[in-house]
Structure formats: C-alpha cells, structure tokens
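Okay, data_21.tsv now, which holds TSV, C-alpha atoms:
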chain	number	residue	atom	x	y	z
A	1	MET	CA	25.72	26.09	2.73
A	2	ASN	CA	23.44	26.53	5.73
A	3	ASP	CA	23.32	23.83	8.41
A	4	PRO	CA	20.58	21.30	7.51
A	5	GLN	CA	19.89	20.74	11.21
A	6	LEU	CA	17.10	23.24	11.85
A	7	LYS	CA	17.25	24.68	15.38
A	8	GLU	CA	14.91	26.82	17.43
A	9	ASP	CA	15.82	27.30	21.10
A	10	ASP	CA	16.81	23.77	22.17
A	11	VAL	CA	15.22	21.95	19.22
A	12	GLU	CA	17.40	20.11	16.72
A	13	GLN	CA	15.87	18.78	13.50
A	14	GLU	CA	16.86	16.87	10.39
A	15	ILE	CA	14.74	16.37	7.26
A	16	TRP	CA	15.43	13.38	5.02
A	17	SER	CA	13.76	12.62	1.68
A	18	TRP	CA	13.91	9.89	-0.96
A	19	GLY	CA	12.07	8.55	-4.01
A	20	ALA	CA	10.64	10.46	-7.00
A	21	GLY	CA	12.06	13.97	-7.31
A	22	THR	CA	11.64	15.15	-10.90
A	23	ASP	CA	9.24	17.94	-9.89
A	24	GLY	CA	11.46	19.22	-7.09
A	25	GLN	CA	9.30	17.58	-4.40
A	26	LEU	CA	12.27	16.19	-2.45
A	27	GLY	CA	13.41	19.69	-1.51
A	28	THR	CA	16.99	18.91	-2.49
A	29	GLY	CA	17.10	21.59	-5.19
A	30	ARG	CA	17.62	18.90	-7.85
A	31	LEU	CA	15.19	17.40	-10.38
A	32	GLU	CA	16.08	13.73	-9.88
A	33	ASP	CA	15.05	10.59	-8.02
A	34	ASN	CA	16.94	9.33	-4.96
A	35	HIS	CA	16.86	5.66	-3.97
A	36	LEU	CA	18.30	6.23	-0.49
A	37	PRO	CA	17.45	8.83	2.17
A	38	GLN	CA	19.10	12.20	1.47
A	39	LEU	CA	19.57	14.91	4.11
A	40	VAL	CA	17.74	18.02	2.89
A	41	ARG	CA	20.07	21.04	2.84
A	42	THR	CA	17.77	23.71	1.42
A	43	PRO	CA	18.73	27.22	2.67
A	44	SER	CA	15.09	28.40	2.59
A	45	LEU	CA	14.22	25.77	5.21
A	46	SER	CA	17.13	26.77	7.42
A	47	SER	CA	15.83	30.33	7.76
A	48	VAL	CA	12.42	29.37	9.21
A	49	PRO	CA	11.35	27.85	12.55
A	50	ALA	CA	11.43	24.08	12.90
A	51	ILE	CA	8.91	22.06	10.89
A	52	SER	CA	6.06	20.91	13.13
A	53	PHE	CA	4.06	19.06	10.47
A	54	LEU	CA	4.56	18.13	6.83
A	55	SER	CA	2.44	16.55	4.10
A	56	CYS	CA	3.38	15.14	0.68
A	57	GLY	CA	1.08	14.95	-2.34
A	58	GLY	CA	1.34	13.68	-5.91
A	59	ALA	CA	4.48	15.75	-6.49
A	60	HIS	CA	4.21	18.62	-4.01
A	61	VAL	CA	4.89	19.20	-0.33
A	62	ILE	CA	3.26	21.41	2.31
A	63	ALA	CA	5.14	22.19	5.53
A	64	LEU	CA	3.78	23.79	8.69
A	65	THR	CA	6.37	25.56	10.84
A	66	ALA	CA	6.43	25.85	14.61
A	67	GLY	CA	5.63	29.54	14.21
A	68	GLY	CA	2.39	28.81	12.32
A	69	GLY	CA	3.76	29.55	8.86
A	70	VAL	CA	3.08	27.41	5.79
A	71	LEU	CA	5.64	26.56	3.09
A	72	THR	CA	4.96	24.72	-0.18
A	73	TRP	CA	7.12	23.39	-3.02
A	74	GLY	CA	7.08	20.98	-5.95
A	75	ARG	CA	4.42	20.67	-8.68
A	76	GLY	CA	1.87	23.49	-8.77
A	77	ASN	CA	0.00	23.10	-12.06
A	78	SER	CA	-3.43	22.85	-10.38
A	79	GLY	CA	-2.91	25.59	-7.82
A	80	GLN	CA	-2.11	23.03	-5.11
A	81	LEU	CA	0.74	25.15	-3.72
A	82	GLY	CA	-1.76	27.83	-2.65
A	83	LEU	CA	0.46	30.60	-3.99
A	84	GLY	CA	-2.24	32.17	-6.18
A	85	ASP	CA	-0.86	30.76	-9.45
A	86	MET	CA	-0.45	27.48	-11.34
A	87	ILE	CA	3.36	27.42	-11.29
A	88	SER	CA	5.66	24.76	-9.84
A	89	SER	CA	8.37	25.66	-7.33
A	90	LEU	CA	11.73	23.92	-6.98
A	91	HIS	CA	12.34	25.51	-3.56
A	92	PRO	CA	10.05	25.99	-0.51
A	93	LYS	CA	8.01	29.20	-0.66
A	94	PRO	CA	5.81	30.72	2.06
A	95	VAL	CA	2.04	30.81	1.49
A	96	MET	CA	1.46	34.50	2.09
A	97	ARG	CA	-2.29	34.74	1.48
A	98	LEU	CA	-3.50	33.07	4.66
A	99	GLY	CA	-4.31	36.35	6.38
A	100	SER	CA	-5.26	35.81	10.03
A	101	TYR	CA	-5.60	32.04	9.72
A	102	ILE	CA	-3.97	30.09	12.55
A	103	ILE	CA	-2.91	26.92	10.78
A	104	THR	CA	-2.82	23.76	12.90
A	105	GLN	CA	-2.47	21.05	10.22
A	106	VAL	CA	-1.84	20.71	6.48
A	107	SER	CA	-2.46	17.94	3.97
A	108	ALA	CA	-1.55	17.27	0.32
A	109	GLY	CA	-3.32	15.00	-2.18
A	110	TRP	CA	-2.46	14.17	-5.79
A	111	SER	CA	-3.22	17.68	-7.03
A	112	HIS	CA	-5.19	19.21	-4.16
A	113	SER	CA	-4.32	20.45	-0.69
A	114	GLY	CA	-6.03	21.34	2.53
A	115	PHE	CA	-5.41	22.77	5.96
A	116	VAL	CA	-7.09	23.05	9.33
A	117	SER	CA	-7.38	26.53	10.78
A	118	GLY	CA	-7.79	27.10	14.50
A	119	CYS	CA	-8.93	30.71	14.17
A	120	SER	CA	-12.64	29.83	14.23
A	121	GLY	CA	-13.66	26.41	15.48
A	122	GLU	CA	-10.99	24.32	13.72
A	123	GLN	CA	-12.29	24.85	10.18
A	124	VAL	CA	-11.14	22.95	7.10
A	125	TYR	CA	-10.04	24.70	3.89
A	126	GLY	CA	-9.07	23.22	0.53
A	127	PHE	CA	-7.42	24.35	-2.70
A	128	GLY	CA	-6.16	22.83	-5.95
A	129	ALA	CA	-8.08	20.33	-8.11
A	130	GLY	CA	-11.70	19.73	-7.04
A	131	LYS	CA	-13.59	17.99	-9.83
A	132	ARG	CA	-13.99	14.75	-7.81
A	133	GLY	CA	-15.30	16.52	-4.72
A	134	GLN	CA	-11.97	16.21	-2.91
A	135	LEU	CA	-12.11	19.82	-1.67
A	136	GLY	CA	-15.25	19.10	0.36
A	137	ILE	CA	-17.02	22.31	-0.68
A	138	SER	CA	-20.38	20.72	-1.68
A	139	LYS	CA	-20.07	21.42	-5.40
A	140	LYS	CA	-18.10	20.40	-8.45
A	141	ILE	CA	-15.25	22.77	-9.24
A	142	GLN	CA	-12.23	22.29	-11.50
A	143	THR	CA	-9.45	24.13	-9.67
A	144	VAL	CA	-8.99	26.68	-6.89
A	145	ASN	CA	-5.60	28.34	-6.37
A	146	LEU	CA	-6.47	29.99	-3.04
A	147	PRO	CA	-7.94	28.38	0.12
A	148	ILE	CA	-11.73	27.91	0.26
A	149	LEU	CA	-13.82	26.86	3.29
A	150	SER	CA	-15.40	23.40	3.57
A	151	SER	CA	-18.64	24.51	5.25
A	152	GLU	CA	-19.94	20.96	5.83
A	153	LEU	CA	-17.47	20.40	8.66
A	154	GLU	CA	-18.15	23.61	10.56
A	155	ALA	CA	-20.08	21.76	13.27
A	156	ALA	CA	-17.21	19.32	13.98
A	157	GLU	CA	-13.97	20.17	15.78
A	158	ILE	CA	-11.41	18.83	13.32
A	159	VAL	CA	-7.91	18.04	14.53
A	160	GLY	CA	-6.51	16.11	11.56
A	161	ILE	CA	-6.91	15.87	7.80
A	162	ALA	CA	-5.56	13.57	5.09
A	163	ALA	CA	-5.61	13.88	1.32
A	164	GLY	CA	-5.19	10.96	-1.06
A	165	GLY	CA	-5.40	10.63	-4.85
A	166	ASP	CA	-8.81	12.19	-5.45
A	167	HIS	CA	-10.21	11.85	-1.95
A	168	SER	CA	-9.83	13.34	1.53
A	169	ALA	CA	-10.50	12.44	5.15
A	170	ALA	CA	-10.68	14.22	8.49
A	171	LEU	CA	-10.58	13.23	12.16
A	172	SER	CA	-12.46	15.03	14.92
A	173	THR	CA	-11.46	15.48	18.54
A	174	GLU	CA	-13.75	12.54	19.39
A	175	GLY	CA	-11.85	10.26	17.01
A	176	HIS	CA	-14.65	10.28	14.41
A	177	LEU	CA	-13.69	9.73	10.77
A	178	TYR	CA	-15.08	11.76	7.83
A	179	THR	CA	-14.38	11.11	4.13
A	180	TRP	CA	-15.20	12.78	0.80
A	181	GLY	CA	-14.10	12.77	-2.85
A	182	ARG	CA	-13.70	9.89	-5.31
A	183	GLY	CA	-12.65	7.10	-2.95
A	184	PHE	CA	-11.09	3.76	-3.82
A	185	LYS	CA	-11.99	2.69	-7.38
A	186	SER	CA	-15.47	4.13	-6.95
A	187	ASN	CA	-17.35	5.70	-9.87
A	188	SER	CA	-19.32	8.00	-7.58
A	189	ASP	CA	-18.02	11.32	-6.28
A	190	VAL	CA	-18.87	12.57	-2.79
A	191	TYR	CA	-18.76	16.38	-2.63
A	192	SER	CA	-19.56	16.77	1.07
A	193	PRO	CA	-17.77	15.16	4.04
A	194	GLN	CA	-19.54	12.01	5.28
A	195	HIS	CA	-19.25	10.74	8.87
A	196	LEU	CA	-18.37	7.04	8.98
A	197	PRO	CA	-19.60	5.52	12.24
A	198	SER	CA	-17.23	3.15	14.05
A	199	PRO	CA	-16.88	1.92	17.63
A	200	SER	CA	-13.12	2.50	17.39
A	201	SER	CA	-11.47	5.81	18.14
A	202	PHE	CA	-8.86	6.76	15.56
A	203	SER	CA	-5.85	8.99	16.20
A	204	LYS	CA	-4.60	9.25	12.60
A	205	VAL	CA	-5.62	8.34	9.05
A	206	ALA	CA	-3.38	8.16	5.96
A	207	LEU	CA	-4.74	7.87	2.42
A	208	GLY	CA	-3.07	6.33	-0.64
A	209	TRP	CA	-4.59	5.91	-4.09
A	210	ASN	CA	-6.19	2.54	-3.42
A	211	HIS	CA	-5.44	1.91	0.23
A	212	ALA	CA	-5.72	3.64	3.57
A	213	LEU	CA	-4.04	3.22	6.95
A	214	VAL	CA	-5.72	4.03	10.24
A	215	LEU	CA	-4.08	4.17	13.66
A	216	THR	CA	-6.07	3.65	16.83
A	217	ASP	CA	-5.48	5.40	20.14
A	218	GLU	CA	-3.79	2.21	21.37
A	219	GLY	CA	-1.21	2.20	18.57
A	220	GLU	CA	-2.86	-0.58	16.56
A	221	LEU	CA	-2.53	-0.35	12.77
A	222	TYR	CA	-5.21	-1.34	10.26
A	223	MET	CA	-5.32	-1.15	6.48
A	224	LEU	CA	-8.10	-0.87	3.95
A	225	GLY	CA	-7.63	-1.90	0.30
A	226	GLY	CA	-4.13	-2.18	-1.09
A	227	LYS	CA	-4.24	-4.87	-3.75
A	228	HIS	CA	-1.30	-3.59	-5.81
A	229	HIS	CA	2.39	-4.05	-5.00
A	230	GLY	CA	1.88	-5.83	-1.69
A	231	ALA	CA	0.54	-2.77	0.07
A	232	LEU	CA	-1.23	-5.09	2.51
A	233	SER	CA	2.18	-6.28	3.70
A	234	ASP	CA	1.07	-9.91	3.39
A	235	SER	CA	1.46	-11.54	-0.02
A	236	GLU	CA	-1.02	-14.32	0.83
A	237	MET	CA	-3.80	-11.76	1.29
A	238	LEU	CA	-3.28	-9.84	-1.95
A	239	ASN	CA	-5.51	-11.88	-4.23
A	240	ALA	CA	-8.30	-12.00	-1.66
A	241	MET	CA	-8.63	-8.21	-1.37
A	242	LYS	CA	-10.84	-6.10	-3.60
A	243	PHE	CA	-10.79	-2.41	-4.31
A	244	LEU	CA	-13.41	-0.80	-2.11
A	245	PRO	CA	-15.52	2.27	-2.89
A	246	ALA	CA	-15.85	5.11	-0.42
A	247	GLY	CA	-19.12	3.64	0.85
A	248	ASP	CA	-17.25	0.54	2.04
A	249	PHE	CA	-14.79	2.62	4.07
A	250	LYS	CA	-15.90	1.08	7.35
A	251	GLU	CA	-14.37	-0.88	10.20
A	252	ASP	CA	-15.44	-4.33	8.95
A	253	ASN	CA	-13.19	-3.89	5.90
A	254	PHE	CA	-10.05	-2.92	7.80
A	255	GLN	CA	-7.38	-5.60	7.99
A	256	ALA	CA	-4.66	-6.03	10.60
A	257	ILE	CA	-1.13	-6.56	9.23
A	258	PRO	CA	0.21	-9.95	10.38
A	259	ALA	CA	3.89	-8.98	10.08
A	260	LEU	CA	3.30	-6.16	12.60
A	261	SER	CA	1.40	-8.21	15.17
A	262	GLY	CA	2.31	-7.13	18.69
A	263	ILE	CA	4.24	-4.06	17.50
A	264	LYS	CA	3.02	-0.67	18.68
A	265	VAL	CA	2.95	1.91	15.90
A	266	LEU	CA	3.49	5.60	16.62
A	267	ASP	CA	3.12	7.17	13.17
A	268	ILE	CA	1.81	6.22	9.73
A	269	ALA	CA	1.98	7.51	6.15
A	270	ALA	CA	0.63	6.26	2.82
A	271	GLY	CA	1.92	7.00	-0.68
A	272	ALA	CA	0.19	6.13	-3.92
A	273	GLU	CA	0.85	2.43	-3.35
A	274	HIS	CA	3.43	2.27	-0.59
A	275	SER	CA	3.24	2.53	3.18
A	276	VAL	CA	5.56	3.83	5.90
A	277	ILE	CA	5.34	3.51	9.67
A	278	VAL	CA	7.33	4.47	12.76
A	279	THR	CA	7.41	1.86	15.51
A	280	GLU	CA	7.66	2.39	19.26
A	281	ASP	CA	11.44	1.93	19.22
A	282	GLY	CA	11.85	4.75	16.67
A	283	GLY	CA	12.40	2.45	13.70
A	284	VAL	CA	11.10	3.32	10.22
A	285	LYS	CA	9.59	0.54	8.11
A	286	THR	CA	8.38	0.67	4.50
A	287	TRP	CA	6.66	-1.67	2.05
A	288	GLY	CA	4.70	-1.68	-1.22
A	289	TRP	CA	5.54	-0.04	-4.56
A	290	GLY	CA	9.23	0.84	-4.93
A	291	GLU	CA	9.76	1.90	-8.56
A	292	HIS	CA	11.21	5.33	-7.70
A	293	GLY	CA	13.18	4.27	-4.63
A	294	GLN	CA	10.44	5.56	-2.33
A	295	LEU	CA	10.97	2.67	0.10
A	296	GLY	CA	14.44	4.03	0.91
A	297	LEU	CA	16.12	0.63	0.62
A	298	GLY	CA	18.63	1.47	-2.11
A	299	ASP	CA	16.71	-0.29	-4.88
A	300	THR	CA	13.60	0.12	-7.02
A	301	CYS	CA	11.97	-3.18	-6.09
A	302	ASP	CA	8.51	-3.72	-4.66
A	303	HIS	CA	8.37	-5.29	-1.20
A	304	THR	CA	5.33	-7.10	0.19
A	305	ASN	CA	6.47	-7.06	3.82
A	306	PRO	CA	7.77	-4.23	6.04
A	307	GLN	CA	11.48	-3.48	5.62
A	308	THR	CA	13.63	-1.37	7.95
A	309	VAL	CA	15.05	1.91	6.59
A	310	ASN	CA	18.47	3.13	7.74
A	311	LEU	CA	18.31	6.92	8.16
A	312	ASN	CA	21.87	7.29	9.52
A	313	LEU	CA	20.77	10.20	11.73
A	314	LYS	CA	23.40	12.77	12.73
A	315	LEU	CA	21.53	14.30	15.66
A	316	GLU	CA	23.58	14.92	18.79
A	317	SER	CA	20.79	13.77	21.10
A	318	THR	CA	19.86	10.10	21.42
A	319	ALA	CA	16.30	11.07	22.43
A	320	TYR	CA	14.32	12.04	19.35
A	321	ASP	CA	10.97	11.63	17.62
A	322	VAL	CA	10.57	10.57	13.98
A	323	LYS	CA	7.59	11.53	11.83
A	324	VAL	CA	7.04	10.14	8.33
A	325	TYR	CA	5.21	11.56	5.30
A	326	CYS	CA	4.50	10.03	1.87
A	327	GLY	CA	3.83	11.53	-1.53
A	328	SER	CA	2.79	9.58	-4.60
A	329	GLY	CA	6.24	8.03	-5.17
A	330	PHE	CA	8.40	9.70	-2.54
A	331	THR	CA	8.90	9.76	1.22
A	332	VAL	CA	10.08	12.29	3.80
A	333	ALA	CA	11.14	11.64	7.40
A	334	VAL	CA	11.60	14.40	9.98
A	335	ALA	CA	13.66	13.61	13.09
A	336	THR	CA	13.38	16.10	15.93
A	337	SER	CA	15.16	16.05	19.29
A	338	ASN	CA	15.20	18.28	22.33
A	339	LEU	CA	18.79	19.02	23.31
A	340	ARG	CA	17.76	19.36	26.95
A	341	ASN	CA	16.82	15.66	27.12

Structure encoded using structure tokens:
Amino acid sequence: MNDPQLKEDDVEQEIWSWGAGTDGQLGTGRLEDNHLPQLVRTPSLSSVPAISFLSCGGAHVIALTAGGGVLTWGRGNSGQLGLGDMISSLHPKPVMRLGSYIITQVSAGWSHSGFVSGCSGEQVYGFGAGKRGQLGISKKIQTVNLPILSSELEAAEIVGIAAGGDHSAALSTEGHLYTWGRGFKSNSDVYSPQHLPSPSSFSKVALGWNHALVLTDEGELYMLGGKHHGALSDSEMLNAMKFLPAGDFKEDNFQAIPALSGIKVLDIAAGAEHSVIVTEDGGVKTWGWGEHGQLGLGDTCDHTNPQTVNLNLKLESTAYDVKVYCGSGFTVAVATSNLRN
C-alpha cells in the first residue's frame, strides 16, 4: 500500500473523507458510507503531485494537482467526470482531453462540473448536465461530456467558481459575484451568468442545494437560505427563513451566524444541506444534515449548531493548512504542511 501522505519536495499532505460513499466518491476504493473521517489511501493519488484544490459534487469529485493536472472520480452518469463518457469511476482518473488548458480551479455540482482556465483570460468551462442553465453557456442543453466555454464571462477575470445543485457561481478578481442556473427553489432558469452588485468584496462562495455561504476578505461568514436541517446554525432562525430564488441572491438576504460571532473563518464549504468551515486556529466545524455521517461526528444526526470534527492528523509538522470540500452528503478535508516550517 502506498503512503497516503502525498509529498512533493517539502510538501506533506493528507486527504480525509467521510459521509456518503456508495458511488465511490470518498476515494477509499469502497462503496460504503463512513461516519468518521477516513484517511484516503488510494494508490492513484499517491502517484501524482500534491492536490492544490478539490471540489465535491452530488456524488463525484474533481481534484486539481499542483502540476496543473485534473483528476475525477465517483458518479459519471451525466458526463460530469469530463472523461468523454457517461461511466462512473471508483478510482481517480486523469482528465486527458484538456489539451493546452492551464487549469487554475475546478468545481463540481450535483451532476455538472466546471473549471477555470488561465490559458486565455481566466475563462470558465462547464460540462455535465445543463438543462437548468447551470453550465452558463447561454442555451438549454441536456448533457455535455467534454468541457465547453461559457462565453458570457469572457470579459471578467474569474478566479473562483462554485457549483451547487442546479446552479453555479463565480468570483472575479475584484470580488464581484456572478450566478446562473436554477437557484434556490426558483422556477426560473438563468442560462447566462448574472452579476450581482454588492458593496462587499467576497473572497469565496460555496453553494448547497438551498443555501449558500459567502466569505468576505476580512474572514466574516454569511449565509443565504438554509431552512432545512439547521443549516443556518441557529435553530431560532429556522422558521423565519424562506427559500430564496436566484434573483434574491443579494447582500440584504445574507445572515450572519450567531454561534460564530467574533470567530475568523479561513475556509468554507457547503453540501446539499450541511456546512463546513475552517477557523483561524485550524479547527474544522460542521453543522446541518447528517444522515450519511457527512458531519464527521460519528453519528447520523442533524446538528443545528457548529460542532468540532476530530481529524486525528498524522502529519509530522505542527504548521499546516486545512481546506474543506463538501459533496451532496459527504465531506473531504485536505491538510497540507511544509516540512521546512
């Protein structure tokens, strides 16, 4: 068995996953759920450079390596793996049809995927299911199993993308937010990316099915939507919230999370109806829907307030960064340290 600690030069890395795994999305090589974090020991990950970015969808995962390569695994029935077919994959496979694309970020939705390419003005490409407009290609299309350009964002320099259930979002270098697709409980589909004006500058956005998280440049966390399973992290607010259509995706509707008041947040992720954050001290907290063990707490209960996850890291270095990623009912955490620290 290859060492699960992925190393490149002085970089040491561990990948942990938990939650729903019946489509192979946990990368463990087994078709089963895990209620506690499991260290991923997949040989195909050990033979590639360290993972620089990762995104989890309905039941599939896209990983971007430090060398600019893209790996995908899990459910592939809508072409969301970008492998040119509609077949699922239990183990990570490289996406070979990217040609000269220089990939800078990847994102996975329920059954669609996207990536940002730096080869020509930070362009956005999508593939997989597109009938709700979630591919951002200005027209209705059922499925695409190879990347296709979203021409509506060519004028913006995109540095981040996020894919939710049937919707997508992107952030520009100026911190501007763009959204497209079905949105939150909306009956209207938006086929082209729409700029949503806001006085705030956002550094990251994470999309669930019916809620979204946004992180400001100052490390402040806000949430939109999230009526089910305590996704708002405050049980007293649940009945007061309504599902909001894409047109209501604006700053006035974002809510601060009382339980996290005064805590600086470094990273965010949203599953179908659960949320995960990394705090300034490196701690991982989860809340929301827990049916498949995706909260990593050893049970299948829902939790309305943030709970701390014990990753039991085995890294040699005490100086490390943790990034979190959510799929529909599963979660992945990547801990990376520099051995020279």

Please produce, as a Markdown table, a per-residue contact table for range 43-128 of chain A versus range 201-218 of chain A (criterion: any atom at most 12 Å away, all atoms listed in the file considered), showing the nearest atom pair and its distance in Å to one decimal, sorted by chain then residue number.
| residue | atom | partner | partner_atom | distance |
| --- | --- | --- | --- | --- |
| A:Ser55 | CA | A:Ala206 | CA | 10.4 |
| A:Cys56 | CA | A:Gly208 | CA | 11.0 |
| A:Gly57 | CA | A:Gly208 | CA | 9.7 |
| A:Gly58 | CA | A:Trp209 | CA | 9.9 |
| A:Ser107 | CA | A:Ala206 | CA | 10.0 |
| A:Ala108 | CA | A:Leu207 | CA | 10.1 |
| A:Gly109 | CA | A:Leu207 | CA | 8.6 |
| A:Trp110 | CA | A:Trp209 | CA | 8.7 |

With a cut-off of 10 Å, could you pull out the residues of range 50-106 of chain A touching range 299-323 of chain A and give me the nearest pair of atoms for each, distance in Å to one decimal, using all atoms listed in the file, ordered by chain and ascending number, as a tab-separated table?
residue	atom	partner	partner_atom	distance
A:Ser52	CA	A:Lys323	CA	9.6
A:Phe53	CA	A:Lys323	CA	8.4
A:Leu54	CA	A:Lys323	CA	8.8

Only C-alpha atoms, please: the residues just picked out, written as a PDB file, in the frame of the given file.
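Listed below is the output, part-v7.pdb:
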ATOM      1  CA  SER A  52       6.060  20.910  13.130  1.00  0.00           C
ATOM      2  CA  PHE A  53       4.060  19.060  10.470  1.00  0.00           C
ATOM      3  CA  LEU A  54       4.560  18.130   6.830  1.00  0.00           C
TER       4      LEU A  54
END

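When only C-alpha atoms are used to compute distances to Val40 in chain A, the closest of the residues A:Trp18, A:Tyr101, A:Phe127, A:Tyr325 turns out to be A:Trp18.
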
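Computed from the coordinates, the CA of His112 in chain A to CA of His167 in chain A distance equals 9.2 Å.
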
Coordinates-based distance that separates CA of Trp73 in chain A from CA of Tyr178 in chain A (Å, one decimal): 27.3 Å

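You will find CA of Ala170 in chain A at 12.1 Å from CA of Gly126 in chain A.
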
Protein/DNA/RNA residues near (9.1, 10.3, 4.3), cut 6 Å, all atoms listed in the file, as a PyMOL selection string: chain A and resi 17+324-326+331-333

Nearest-residue call for Gly262 in chain A, choices A:Leu221, A:Leu196, A:Leu295, A:Leu81, using all atoms listed in the file: A:Leu221
